[in-house]
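Q: I am sharing start-v1.tsv, which consists of TSV, N, CA and C atoms:
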```tsv
chain	number	residue	atom	x	y	z
A	1	MET	N	12.63	-1.53	-4.93
A	1	MET	CA	11.80	-1.34	-6.10
A	1	MET	C	10.34	-1.42	-5.68
A	2	SER	N	9.53	-0.58	-6.27
A	2	SER	CA	8.09	-0.57	-6.00
A	2	SER	C	7.33	-1.02	-7.23
A	3	VAL	N	6.20	-1.64	-6.98
A	3	VAL	CA	5.29	-2.03	-8.05
A	3	VAL	C	3.99	-1.29	-7.81
A	4	ILE	N	3.59	-0.47	-8.77
A	4	ILE	CA	2.36	0.30	-8.67
A	4	ILE	C	1.57	0.06	-9.95
A	5	SER	N	0.29	-0.23	-9.78
A	5	SER	CA	-0.57	-0.45	-10.94
A	5	SER	C	-1.85	0.35	-10.76
A	6	THR	N	-2.27	1.02	-11.82
A	6	THR	CA	-3.52	1.78	-11.81
A	6	THR	C	-4.29	1.42	-13.06
A	7	VAL	N	-5.54	1.04	-12.87
A	7	VAL	CA	-6.44	0.74	-13.99
A	7	VAL	C	-7.51	1.83	-13.99
A	8	ILE	N	-7.66	2.48	-15.13
A	8	ILE	CA	-8.63	3.56	-15.26
A	8	ILE	C	-9.69	3.14	-16.28
A	9	THR	N	-10.96	3.15	-15.86
A	9	THR	CA	-12.06	2.86	-16.77
A	9	THR	C	-13.06	4.01	-16.69
A	10	HIS	N	-14.10	3.96	-17.49
A	10	HIS	CA	-15.10	5.03	-17.39
A	10	HIS	C	-16.05	4.81	-16.21
A	11	HIS	N	-15.87	3.73	-15.45
A	11	HIS	CA	-16.67	3.49	-14.26
A	11	HIS	C	-15.93	3.82	-12.96
A	12	CYS	N	-14.62	3.62	-12.96
A	12	CYS	CA	-13.85	3.80	-11.74
A	12	CYS	C	-12.35	3.72	-12.04
A	13	THR	N	-11.56	3.96	-11.00
A	13	THR	CA	-10.13	3.68	-11.07
A	13	THR	C	-9.82	2.67	-9.98
A	14	ALA	N	-8.85	1.83	-10.22
A	14	ALA	CA	-8.40	0.85	-9.23
A	14	ALA	C	-6.89	0.99	-9.09
A	15	HIS	N	-6.42	1.03	-7.86
A	15	HIS	CA	-5.01	1.22	-7.57
A	15	HIS	C	-4.49	0.03	-6.77
A	16	ALA	N	-3.27	-0.38	-7.05
A	16	ALA	CA	-2.63	-1.45	-6.28
A	16	ALA	C	-1.14	-1.17	-6.19
A	17	SER	N	-0.54	-1.63	-5.11
A	17	SER	CA	0.89	-1.43	-4.90
A	17	SER	C	1.40	-2.50	-3.94
A	18	ASP	N	2.71	-2.75	-4.01
A	18	ASP	CA	3.33	-3.55	-2.97
A	18	ASP	C	3.37	-2.73	-1.69
A	19	SER	N	3.81	-3.33	-0.60
A	19	SER	CA	3.82	-2.64	0.69
A	19	SER	C	5.19	-2.51	1.32
A	20	PHE	N	6.24	-2.66	0.55
A	20	PHE	CA	7.57	-2.56	1.11
A	20	PHE	C	7.98	-1.09	1.24
A	21	LEU	N	8.24	-0.66	2.48
A	21	LEU	CA	8.74	0.68	2.74
A	21	LEU	C	10.18	0.57	3.21
A	22	THR	N	11.01	1.46	2.70
A	22	THR	CA	12.42	1.43	3.07
A	22	THR	C	12.82	2.73	3.74
A	23	THR	N	13.94	2.68	4.41
A	23	THR	CA	14.51	3.87	5.03
A	23	THR	C	16.00	3.91	4.72
A	24	LEU	N	16.55	5.07	4.73
A	24	LEU	CA	17.98	5.25	4.50
A	24	LEU	C	18.69	5.23	5.83
A	25	LYS	N	19.55	4.25	6.04
A	25	LYS	CA	20.31	4.16	7.29
A	25	LYS	C	21.48	5.14	7.26
A	26	ASP	N	22.06	5.38	8.43
A	26	ASP	CA	23.18	6.32	8.55
A	26	ASP	C	24.36	5.93	7.68
A	27	ASP	N	24.54	4.62	7.43
A	27	ASP	CA	25.66	4.17	6.62
A	27	ASP	C	25.36	4.23	5.12
A	28	GLY	N	24.18	4.79	4.74
A	28	GLY	CA	23.84	4.95	3.33
A	28	GLY	C	23.14	3.76	2.70
A	29	VAL	N	22.90	2.72	3.47
A	29	VAL	CA	22.24	1.52	2.97
A	29	VAL	C	20.73	1.63	3.20
A	30	ARG	N	19.95	1.24	2.21
A	30	ARG	CA	18.49	1.24	2.37
A	30	ARG	C	18.07	-0.08	3.01
A	31	GLU	N	17.09	0.02	3.91
A	31	GLU	CA	16.64	-1.14	4.66
A	31	GLU	C	15.11	-1.21	4.60
A	32	VAL	N	14.57	-2.40	4.36
A	32	VAL	CA	13.12	-2.58	4.42
A	32	VAL	C	12.71	-2.50	5.89
A	33	VAL	N	11.85	-1.55	6.21
A	33	VAL	CA	11.43	-1.36	7.59
A	33	VAL	C	9.96	-1.71	7.80
A	34	GLU	N	9.26	-1.91	6.71
A	34	GLU	CA	7.83	-2.21	6.80
A	34	GLU	C	7.41	-2.98	5.56
A	35	ASP	N	6.58	-3.98	5.78
A	35	ASP	CA	6.08	-4.72	4.63
A	35	ASP	C	4.56	-4.83	4.64
A	36	GLN	N	3.91	-4.01	5.46
A	36	GLN	CA	2.45	-4.04	5.54
A	36	GLN	C	1.78	-2.68	5.32
A	37	LYS	N	2.53	-1.60	5.45
A	37	LYS	CA	1.93	-0.27	5.28
A	37	LYS	C	1.71	0.02	3.80
A	38	PRO	N	0.69	0.78	3.49
A	38	PRO	CA	0.39	1.07	2.09
A	38	PRO	C	1.33	2.11	1.49
A	39	LYS	N	1.37	2.10	0.18
A	39	LYS	CA	2.02	3.17	-0.58
A	39	LYS	C	0.96	3.93	-1.37
A	40	LEU	N	-0.28	3.77	-0.96
A	40	LEU	CA	-1.41	4.43	-1.58
A	40	LEU	C	-2.10	5.30	-0.54
A	41	VAL	N	-2.50	6.49	-0.96
A	41	VAL	CA	-3.20	7.42	-0.08
A	41	VAL	C	-4.45	7.89	-0.81
A	42	TYR	N	-5.60	7.67	-0.20
A	42	TYR	CA	-6.88	8.07	-0.76
A	42	TYR	C	-7.01	9.59	-0.69
A	43	VAL	N	-7.42	10.21	-1.80
A	43	VAL	CA	-7.68	11.65	-1.84
A	43	VAL	C	-9.17	11.81	-2.12
A	44	LYS	N	-9.94	11.79	-1.04
A	44	LYS	CA	-11.40	11.75	-1.13
A	44	LYS	C	-11.99	12.88	-1.97
A	45	HIS	N	-11.51	14.10	-1.75
A	45	HIS	CA	-12.10	15.26	-2.45
A	45	HIS	C	-12.07	15.10	-3.97
A	46	TRP	N	-11.01	14.52	-4.49
A	46	TRP	CA	-10.88	14.36	-5.94
A	46	TRP	C	-11.22	12.95	-6.41
A	47	ARG	N	-11.73	12.12	-5.51
A	47	ARG	CA	-12.04	10.72	-5.84
A	47	ARG	C	-10.85	10.06	-6.51
A	48	GLY	N	-9.70	10.20	-5.87
A	48	GLY	CA	-8.48	9.66	-6.45
A	48	GLY	C	-7.52	9.16	-5.40
A	49	ALA	N	-6.28	9.00	-5.82
A	49	ALA	CA	-5.28	8.46	-4.91
A	49	ALA	C	-3.88	8.89	-5.33
A	50	PHE	N	-3.02	8.97	-4.33
A	50	PHE	CA	-1.59	9.08	-4.55
A	50	PHE	C	-1.02	7.67	-4.47
A	51	ALA	N	-0.09	7.36	-5.31
A	51	ALA	CA	0.73	6.16	-5.17
A	51	ALA	C	2.17	6.66	-5.22
A	52	PHE	N	3.01	6.20	-4.28
A	52	PHE	CA	4.36	6.74	-4.25
A	52	PHE	C	5.40	5.64	-4.22
A	53	TRP	N	6.61	6.02	-4.63
A	53	TRP	CA	7.78	5.15	-4.55
A	53	TRP	C	8.98	6.00	-4.22
A	54	GLY	N	10.03	5.36	-3.78
A	54	GLY	CA	11.25	6.09	-3.44
A	54	GLY	C	11.39	6.23	-1.94
A	55	LEU	N	11.90	7.36	-1.50
A	55	LEU	CA	12.15	7.61	-0.08
A	55	LEU	C	10.85	7.46	0.71
A	56	ALA	N	10.86	6.58	1.70
A	56	ALA	CA	9.67	6.34	2.52
A	56	ALA	C	9.77	7.05	3.86
A	57	ARG	N	10.98	7.14	4.41
A	57	ARG	CA	11.14	7.69	5.76
A	57	ARG	C	12.54	8.22	5.93
A	58	CYS	N	12.64	9.30	6.70
A	58	CYS	CA	13.93	9.84	7.10
A	58	CYS	C	13.76	10.37	8.51
A	59	GLY	N	14.38	9.70	9.48
A	59	GLY	CA	14.16	10.07	10.87
A	59	GLY	C	12.70	9.87	11.22
A	60	GLN	N	12.07	10.92	11.76
A	60	GLN	CA	10.65	10.85	12.10
A	60	GLN	C	9.74	11.22	10.93
A	61	TRP	N	10.32	11.72	9.84
A	61	TRP	CA	9.53	12.15	8.68
A	61	TRP	C	9.16	10.94	7.83
A	62	SER	N	7.91	10.91	7.36
A	62	SER	CA	7.41	9.79	6.57
A	62	SER	C	6.65	10.32	5.34
A	63	THR	N	6.95	9.78	4.18
A	63	THR	CA	6.22	10.15	2.96
A	63	THR	C	4.75	9.81	3.11
A	64	LEU	N	4.44	8.63	3.63
A	64	LEU	CA	3.05	8.20	3.82
A	64	LEU	C	2.30	9.19	4.72
A	65	ASP	N	2.88	9.52	5.86
A	65	ASP	CA	2.21	10.46	6.78
A	65	ASP	C	2.05	11.83	6.15
A	66	TRP	N	3.08	12.29	5.43
A	66	TRP	CA	3.01	13.62	4.81
A	66	TRP	C	1.92	13.66	3.75
A	67	LEU	N	1.85	12.63	2.90
A	67	LEU	CA	0.81	12.60	1.87
A	67	LEU	C	-0.58	12.50	2.49
A	68	ARG	N	-0.72	11.72	3.55
A	68	ARG	CA	-2.01	11.64	4.23
A	68	ARG	C	-2.44	13.00	4.75
A	69	SER	N	-1.52	13.75	5.32
A	69	SER	CA	-1.86	15.07	5.85
A	69	SER	C	-2.23	16.02	4.71
A	70	GLN	N	-1.55	15.92	3.59
A	70	GLN	CA	-1.84	16.79	2.45
A	70	GLN	C	-3.19	16.46	1.83
A	71	ALA	N	-3.55	15.19	1.78
A	71	ALA	CA	-4.82	14.77	1.18
A	71	ALA	C	-6.01	15.41	1.89
A	72	LYS	N	-5.87	15.69	3.16
A	72	LYS	CA	-6.96	16.31	3.92
A	72	LYS	C	-7.27	17.74	3.45
A	73	HIS	N	-6.32	18.37	2.76
A	73	HIS	CA	-6.49	19.75	2.32
A	73	HIS	C	-6.83	19.87	0.83
A	74	ALA	N	-7.14	18.76	0.20
A	74	ALA	CA	-7.41	18.76	-1.25
A	74	ALA	C	-8.58	19.66	-1.60
A	75	GLY	N	-9.55	19.78	-0.72
A	75	GLY	CA	-10.72	20.61	-0.99
A	75	GLY	C	-10.44	22.10	-1.02
A	76	ASN	N	-9.24	22.49	-0.62
A	76	ASN	CA	-8.87	23.91	-0.65
A	76	ASN	C	-8.45	24.37	-2.03
A	77	PHE	N	-8.43	23.48	-3.01
A	77	PHE	CA	-7.94	23.81	-4.35
A	77	PHE	C	-9.07	23.70	-5.37
A	78	SER	N	-9.04	24.62	-6.35
A	78	SER	CA	-10.11	24.67	-7.34
A	78	SER	C	-10.00	23.58	-8.40
A	79	THR	N	-8.79	23.07	-8.61
A	79	THR	CA	-8.61	21.99	-9.59
A	79	THR	C	-7.64	20.95	-9.04
A	80	ALA	N	-7.74	19.75	-9.58
A	80	ALA	CA	-6.79	18.70	-9.20
A	80	ALA	C	-5.38	19.08	-9.61
A	81	GLU	N	-5.24	19.78	-10.73
A	81	GLU	CA	-3.92	20.21	-11.17
A	81	GLU	C	-3.30	21.20	-10.19
A	82	ASN	N	-4.08	22.16	-9.71
A	82	ASN	CA	-3.56	23.10	-8.71
A	82	ASN	C	-3.13	22.36	-7.45
A	83	PHE	N	-3.93	21.40	-7.05
A	83	PHE	CA	-3.58	20.60	-5.88
A	83	PHE	C	-2.28	19.84	-6.11
A	84	ALA	N	-2.15	19.20	-7.26
A	84	ALA	CA	-0.94	18.44	-7.58
A	84	ALA	C	0.29	19.35	-7.60
A	85	ASN	N	0.16	20.55	-8.16
A	85	ASN	CA	1.28	21.48	-8.19
A	85	ASN	C	1.67	21.91	-6.77
A	86	SER	N	0.69	22.08	-5.90
A	86	SER	CA	0.97	22.42	-4.52
A	86	SER	C	1.68	21.27	-3.80
A	87	ILE	N	1.28	20.05	-4.09
A	87	ILE	CA	1.93	18.87	-3.50
A	87	ILE	C	3.39	18.84	-3.93
A	88	ALA	N	3.65	19.06	-5.21
A	88	ALA	CA	5.03	19.03	-5.73
A	88	ALA	C	5.89	20.10	-5.04
A	89	ALA	N	5.37	21.32	-4.95
A	89	ALA	CA	6.13	22.40	-4.32
A	89	ALA	C	6.34	22.12	-2.83
A	90	GLY	N	5.29	21.67	-2.16
A	90	GLY	CA	5.39	21.37	-0.74
A	90	GLY	C	6.37	20.23	-0.46
A	91	LEU	N	6.36	19.23	-1.31
A	91	LEU	CA	7.28	18.11	-1.13
A	91	LEU	C	8.72	18.55	-1.34
A	92	ASP	N	8.96	19.38	-2.34
A	92	ASP	CA	10.32	19.93	-2.54
A	92	ASP	C	10.79	20.67	-1.29
A	93	GLU	N	9.90	21.44	-0.70
A	93	GLU	CA	10.24	22.19	0.52
A	93	GLU	C	10.53	21.24	1.68
A	94	GLU	N	9.69	20.24	1.85
A	94	GLU	CA	9.90	19.25	2.92
A	94	GLU	C	11.23	18.53	2.75
A	95	LEU	N	11.51	18.09	1.53
A	95	LEU	CA	12.75	17.35	1.28
A	95	LEU	C	13.97	18.21	1.51
A	96	GLY	N	13.84	19.51	1.24
A	96	GLY	CA	14.95	20.44	1.46
A	96	GLY	C	15.30	20.59	2.93
A	97	GLN	N	14.38	20.25	3.81
A	97	GLN	CA	14.62	20.37	5.25
A	97	GLN	C	15.15	19.09	5.88
A	98	LEU	N	15.16	18.01	5.11
A	98	LEU	CA	15.65	16.74	5.64
A	98	LEU	C	17.18	16.70	5.59
A	99	PRO	N	17.80	15.98	6.50
A	99	PRO	CA	19.27	15.92	6.55
A	99	PRO	C	19.86	14.96	5.52
A	100	LEU	N	19.48	15.15	4.27
A	100	LEU	CA	20.00	14.32	3.18
A	100	LEU	C	20.84	15.20	2.28
A	101	THR	N	22.06	14.78	1.98
A	101	THR	CA	22.97	15.61	1.20
A	101	THR	C	22.98	15.27	-0.28
A	102	LYS	N	22.65	14.05	-0.64
A	102	LYS	CA	22.65	13.64	-2.05
A	102	LYS	C	21.24	13.76	-2.62
A	103	ALA	N	21.13	14.35	-3.80
A	103	ALA	CA	19.83	14.50	-4.45
A	103	ALA	C	19.16	13.15	-4.65
A	104	VAL	N	19.92	12.13	-4.98
A	104	VAL	CA	19.35	10.81	-5.23
A	104	VAL	C	18.69	10.24	-3.97
A	105	ASP	N	19.15	10.62	-2.80
A	105	ASP	CA	18.55	10.14	-1.56
A	105	ASP	C	17.18	10.76	-1.29
A	106	LYS	N	16.88	11.87	-1.96
A	106	LYS	CA	15.61	12.57	-1.79
A	106	LYS	C	14.59	12.15	-2.85
A	107	GLY	N	14.91	11.11	-3.59
A	107	GLY	CA	14.06	10.70	-4.70
A	107	GLY	C	12.72	10.13	-4.26
A	108	ILE	N	11.65	10.78	-4.69
A	108	ILE	CA	10.29	10.30	-4.46
A	108	ILE	C	9.52	10.53	-5.75
A	109	GLY	N	8.78	9.52	-6.15
A	109	GLY	CA	7.88	9.66	-7.29
A	109	GLY	C	6.46	9.50	-6.79
A	110	ILE	N	5.56	10.28	-7.38
A	110	ILE	CA	4.15	10.20	-6.98
A	110	ILE	C	3.28	10.13	-8.23
A	111	HIS	N	2.41	9.14	-8.28
A	111	HIS	CA	1.34	9.11	-9.27
A	111	HIS	C	0.11	9.66	-8.56
A	112	PHE	N	-0.55	10.64	-9.16
A	112	PHE	CA	-1.79	11.17	-8.61
A	112	PHE	C	-2.85	10.96	-9.67
A	113	THR	N	-3.78	10.10	-9.36
A	113	THR	CA	-4.84	9.76	-10.30
A	113	THR	C	-6.18	10.16	-9.71
A	114	VAL	N	-7.00	10.84	-10.49
A	114	VAL	CA	-8.33	11.25	-10.03
A	114	VAL	C	-9.38	10.73	-11.01
A	115	TYR	N	-10.60	10.66	-10.51
A	115	TYR	CA	-11.68	10.15	-11.34
A	115	TYR	C	-12.82	11.15	-11.36
```
How does this structure look as structure tokens?
A:
Amino acid sequence: MSVISTVITHHCTAHASDSFLTTLKDDGVREVVEDQKPKLVYVKHWRGAFAFWGLARCGQWSTLDWLRSQAKHAGNFSTAENFANSIAAGLDEELGQLPLTKAVDKGIGIHFTVY
């Protein structure tokens, strides 16, 4: 379970999350593999952040690394909504390439907040 909190004011947004990252083992059991890495990714171009929960890693693939790489391209989009839609489509494509057979194993949620 993840805990994510976002406070939005007319001065700023503040994001907080726990740091537990899990992975799906070959036997289908989820295991905490990290308790210090963030579940928040700064999106500088939009003065915002991604906060995620769900699948953190599968093999060498990492949700955190993937979101960090995507955040670097935020300036290529005319609106935050277009960027968010691209993230959703790209993530669906990425998840489709992972060796996961059950839809529930591919579960990732993302909050994208901009200011």
Q: As an exercise, work out the distance from atom C of Thr79 of chain A to atom CA of Glu93 of chain A in Å and give it to one decimal place.
A: 20.3 Å
Q: Can you tell me which residues surround Arg68 of chain A at a distance of at most 8 Å, considering only N, CA and C atoms, apart from same-chain residues fewer than 6 positions away, and format the answer as a list in words?
A: Leu40, Val41, Tyr42 and Ser62 of chain A
Q: Identify which of the residues A:Thr13, A:Asn76, A:Thr101, A:Ser19 lies closest to Thr113 of chain A, counting all atoms listed in the file when measuring atom-to-atom distances.
A: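 Smallest separation from Thr113 of chain A among the options: A:Thr13.
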Q: Looking at A:Glu34, A:Ile87, A:Phe52, A:Val43, which one is nearest to Val3 of chain A, with distances taken over only N, CA and C atoms?
A: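 The shortest atom-to-atom distance to Val3 of chain A comes from A:Phe52.
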Q: Please give the complete set of residues from chain A that DSSP, run on the backbone, assigns to helix (DSSP H, G or I), formatted as a PyMOL selection string.
A: chain A and resi 44-46+63-71+74-76+80-96+103-106
Q: Find the residue from A:Phe77, A:Trp61, A:Trp46, A:Trp66 that sits nearest to Val114 of chain A; use only C-alpha atoms when measuring.
A: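 When distances to Val114 of chain A are compared using only C-alpha atoms, the smallest one comes from A:Trp46.
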Q: Provide the atom CA of Gly48 of chain A to atom CA of Asp65 of chain A distance in Å, to one decimal place.
A: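 Separation of atom CA of Gly48 of chain A and atom CA of Asp65 of chain A: 17.0 Å.
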Q: Would you give me, as JSON, numbers by chain, the residues in segment 1-103 of chain A that DSSP reads as strand (DSSP E)?
A: {"A": [4, 5, 6, 7, 8, 13, 14, 15, 16, 17, 21, 22, 23, 24, 30, 31, 32, 33, 34, 40, 41, 42, 43, 48, 49, 50, 51, 52, 53, 54, 57, 58, 61, 62]}
Q: Here's a test: counting only C-alpha atoms, identify every protein, DNA and RNA residue with an atom at most 6 Å from (14.2, 9.1, 0.7) in the file's coordinate frame, and state them as JSON, numbers by chain.
A: {"A": [54, 55, 56, 105, 106, 107]}
Q: Please define a box with edges along x, y and z of the file around all atoms of segment 92-98 of chain A given in the file, extend it by 8 Å on each side, and return its centre and edge lengths in Å to one decimal, as AutoDock Vina command-line options.
A:
```
--center_x 13.1 --center_y 19.4 --center_z 1.7 --size_x 24.2 --size_y 21.5 --size_z 24.4
```
Q: So that I can check the surroundings of Ser17 of chain A, please list as a list in words every protein, DNA and RNA residue that reaches within 10 Å of it, counting only C-alpha atoms and ignoring chain neighbours fewer than 4 positions away.
A: Ser2, Val3, Ile4, Ser5, Thr6, Pro38, Lys39, Leu40, Ala51, Phe52 and Trp53 of chain A
Q: Ranking A:Ala71, A:Cys58, A:Leu91, A:Ala49 by minimum distance to Lys25 of chain A and counting only N, CA and C atoms, which one comes first?
A: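 Comparing A:Ala71, A:Cys58, A:Leu91, A:Ala49 against Lys25 of chain A, the winner is A:Cys58.
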